[in-house]
Amino acid sequence: MDIRDMKNFYAIVEEGNISNAAKRLNIAQPPLSKQMKQLEDDLGVQLFERGSRRIRLTEAGQLLRERVEQILGLVDGTVKEITELNSGLVGTLSIGTVTTSGATLLPNLLHQFHNVYPHVTFQLWEGDGSRILELLNNRVIEIGIIRAPFDSEIYESITLPDEPLVIAMRKDGSLCGDDPVNVRLIELANQPLIVPLRWKAMFVEWCEKVGFTPNIVCISDGILLNIIWTKLGIGMALVPKSTEGLISDSELTYKTIVEPAVSTQTVIVWARNHKLSASSKHFLDLLKDMILK
């Protein structure tokens with residue numbers, strides 16, 4: 001298995017099927033299919049579950065995806081370092097982000113960065129916090145934008161100001177009190193709640209301190225999916241306040257949690273044991289300057 005095999009395999013994983021991967025790689029589909037079959041024969045395992053429109057990875061395929069991410073990440077990182085030594089600040093800035101934080105933070109930040117470093121291009125990845133950290137560990141990205149908590153022994157970080165947590169709910173359901181803007185935490189007792197996994201332990205602790213155990217009907221880190229489930233009436237979703245500006249819907253309302261007020265933090269993280277490229281260092285410097293203003 002060589003680098004070409006890895007890149008072609010990874011393109012199929014990213015695109016979800018061989019046809020789209022072939023277009024992206026600018027090769028015909030039959031040779032790509034043949035190459036993947038040969039790769040499976042060489043490895044003595046099946047990598048893909050065939051028979052559906054979208055490729056599914058076997059257990060062996062999942063393991064190979066993880067290893068290929070690591071190897072290609074190392075290759076790309078090495079190329080970036082050598083290129084920067086030879087010709088200055090060029091190349092690609094690779095960033096991974098959770099949905100709400102990236103949508104509110106990145107547009108202005110990347111615009112300013114591009115004005116200063118116009119020869120740097122961007123590669124952006126989006127996913128839940130665990131996926132972003134996986135990409136970071138595999139060196140597919142250099143910088144991750146996630147929500148607290150995280151392991152500070154593994155990652156260096158810049159913590160942004162606190163952001164209030166709110167409850168998204170249907171307007172035609174129980175609005176938890178008369179206040180149109182705020183909801184007291186105790187008023188969420190017995191309500192069906194949709195809570196991100198990363199906040200579950202803290203949220204349960206907050207609720208128990210005011211005298212009740214929350215009725216959590218769903219645990220999911222997908223903010224957009226949680227809002228969709230809220231619209232369907234499955235429950236009320238715990239989300240960061242920035243969600244209100246990103247996902248506006250006439251059927252929904254958002255109330256800030258008070259008594260006590262609860263909040264989350266957006267955190268910029270990078271691996272302690274990975275050397276950052278010059279472009280990533282400049283990106284972090286720009287971010288620090290914006291925070292200090």
# chains A, B, ... in the order shown; residues from 1 in each chain; ligands from 1

$ residues_around --residues "Asn20 (chain A)" --least-positions-apart "3" --cutoff "12 Å" --atoms "only C-alpha atoms" --output "list of chain:residue names"
A:Asn8, A:Ala11, A:Ile12, A:Val13, A:Glu14, A:Glu15, A:Gly16, A:Asn17, A:Lys23, A:Arg24, A:Leu25, A:Asn26, A:Ile27, A:Ala28, A:Gln29, A:Leu32, A:Ser33, A:Arg53, A:Arg54, A:Ile55

$ residues_around --residues "Pro161 (chain A)" --least-positions-apart "5" --cutoff "9 Å" --atoms "only C-alpha atoms" --output "JSON, numbers by chain"
{"A": [264, 265, 266, 291]}

$ closest_residue --among "A:Ile158, A:Ile145, A:Leu64, A:Leu74" --to "Leu287 (chain A)" --atoms "only C-alpha atoms"
A:Ile158

$ residues_around --residues "Leu135 (chain A)" --least-positions-apart "2" --cutoff "9 Å" --atoms "only C-alpha atoms" --output "PDB file with C-alpha atoms, in the first residue's frame"
ATOM      1  CA  GLU A  69      -5.660  10.150   8.517  1.00  0.00           C
ATOM      2  CA  GLN A  70      -2.566   9.999  10.713  1.00  0.00           C
ATOM      3  CA  GLY A  73      -1.641  14.324   8.188  1.00  0.00           C
ATOM      4  CA  GLY A  96     -11.711  21.944  12.615  1.00  0.00           C
ATOM      5  CA  TRP A 125     -13.602  20.644   8.879  1.00  0.00           C
ATOM      6  CA  SER A 130     -14.962  14.331  19.659  1.00  0.00           C
ATOM      7  CA  ARG A 131     -14.527  14.267  15.873  1.00  0.00           C
ATOM      8  CA  ILE A 132     -12.578  17.549  15.933  1.00  0.00           C
ATOM      9  CA  LEU A 133     -10.222  16.179  18.595  1.00  0.00           C
ATOM     10  CA  ASN A 137      -4.802  13.919  17.146  1.00  0.00           C
ATOM     11  CA  ASN A 138      -4.384  12.460  13.648  1.00  0.00           C
ATOM     12  CA  ARG A 139      -2.793  15.713  12.414  1.00  0.00           C
ATOM     13  CA  VAL A 140      -5.441  16.206   9.748  1.00  0.00           C
ATOM     14  CA  ILE A 141      -5.960  19.646  11.303  1.00  0.00           C
ATOM     15  CA  GLU A 142      -3.677  21.798  13.433  1.00  0.00           C
ATOM     16  CA  GLY A 144      -9.599  22.863  16.763  1.00  0.00           C
TER      17      GLY A 144
END

$ atom_distance --atom1 "CA of Glu251 (chain A)" --atom2 "CA of Cys176 (chain A)"
15.8 Å

$ select_by_dssp --residues "region 96-143 of chain A" --states "strand (DSSP E)" --output "PyMOL selection string"
chain A and resi 96-97+120-126+143

$ closest_residue --among "A:Asp172, A:Asp128, A:Glu40, A:Glu156" --to "Pro196 (chain A)" --atoms "only C-alpha atoms"
A:Asp128

$ residues_around --residues "Val68 (chain A)" --least-positions-apart "4" --cutoff "8 Å" --atoms "only C-alpha atoms" --output "PyMOL selection string"
chain A and resi 6+10+64+72

$ atom_distance --atom1 "CA of Glu259 (chain A)" --atom2 "CA of Arg184 (chain A)"
5.4 Å

$ atom_distance --atom1 "CA of Gly61 (chain A)" --atom2 "CA of Leu43 (chain A)"
10.8 Å

$ closest_residue --among "A:Leu193, A:Val217, A:Leu39, A:Leu284" --to "Asp5 (chain A)" --atoms "only C-alpha atoms"
A:Leu39

$ select_by_dssp --residues "region 19-117 of chain A" --states "alpha helix (DSSP H)" --output "ChimeraX atom specification"
/A:19-25,29-43,59-87,99-116
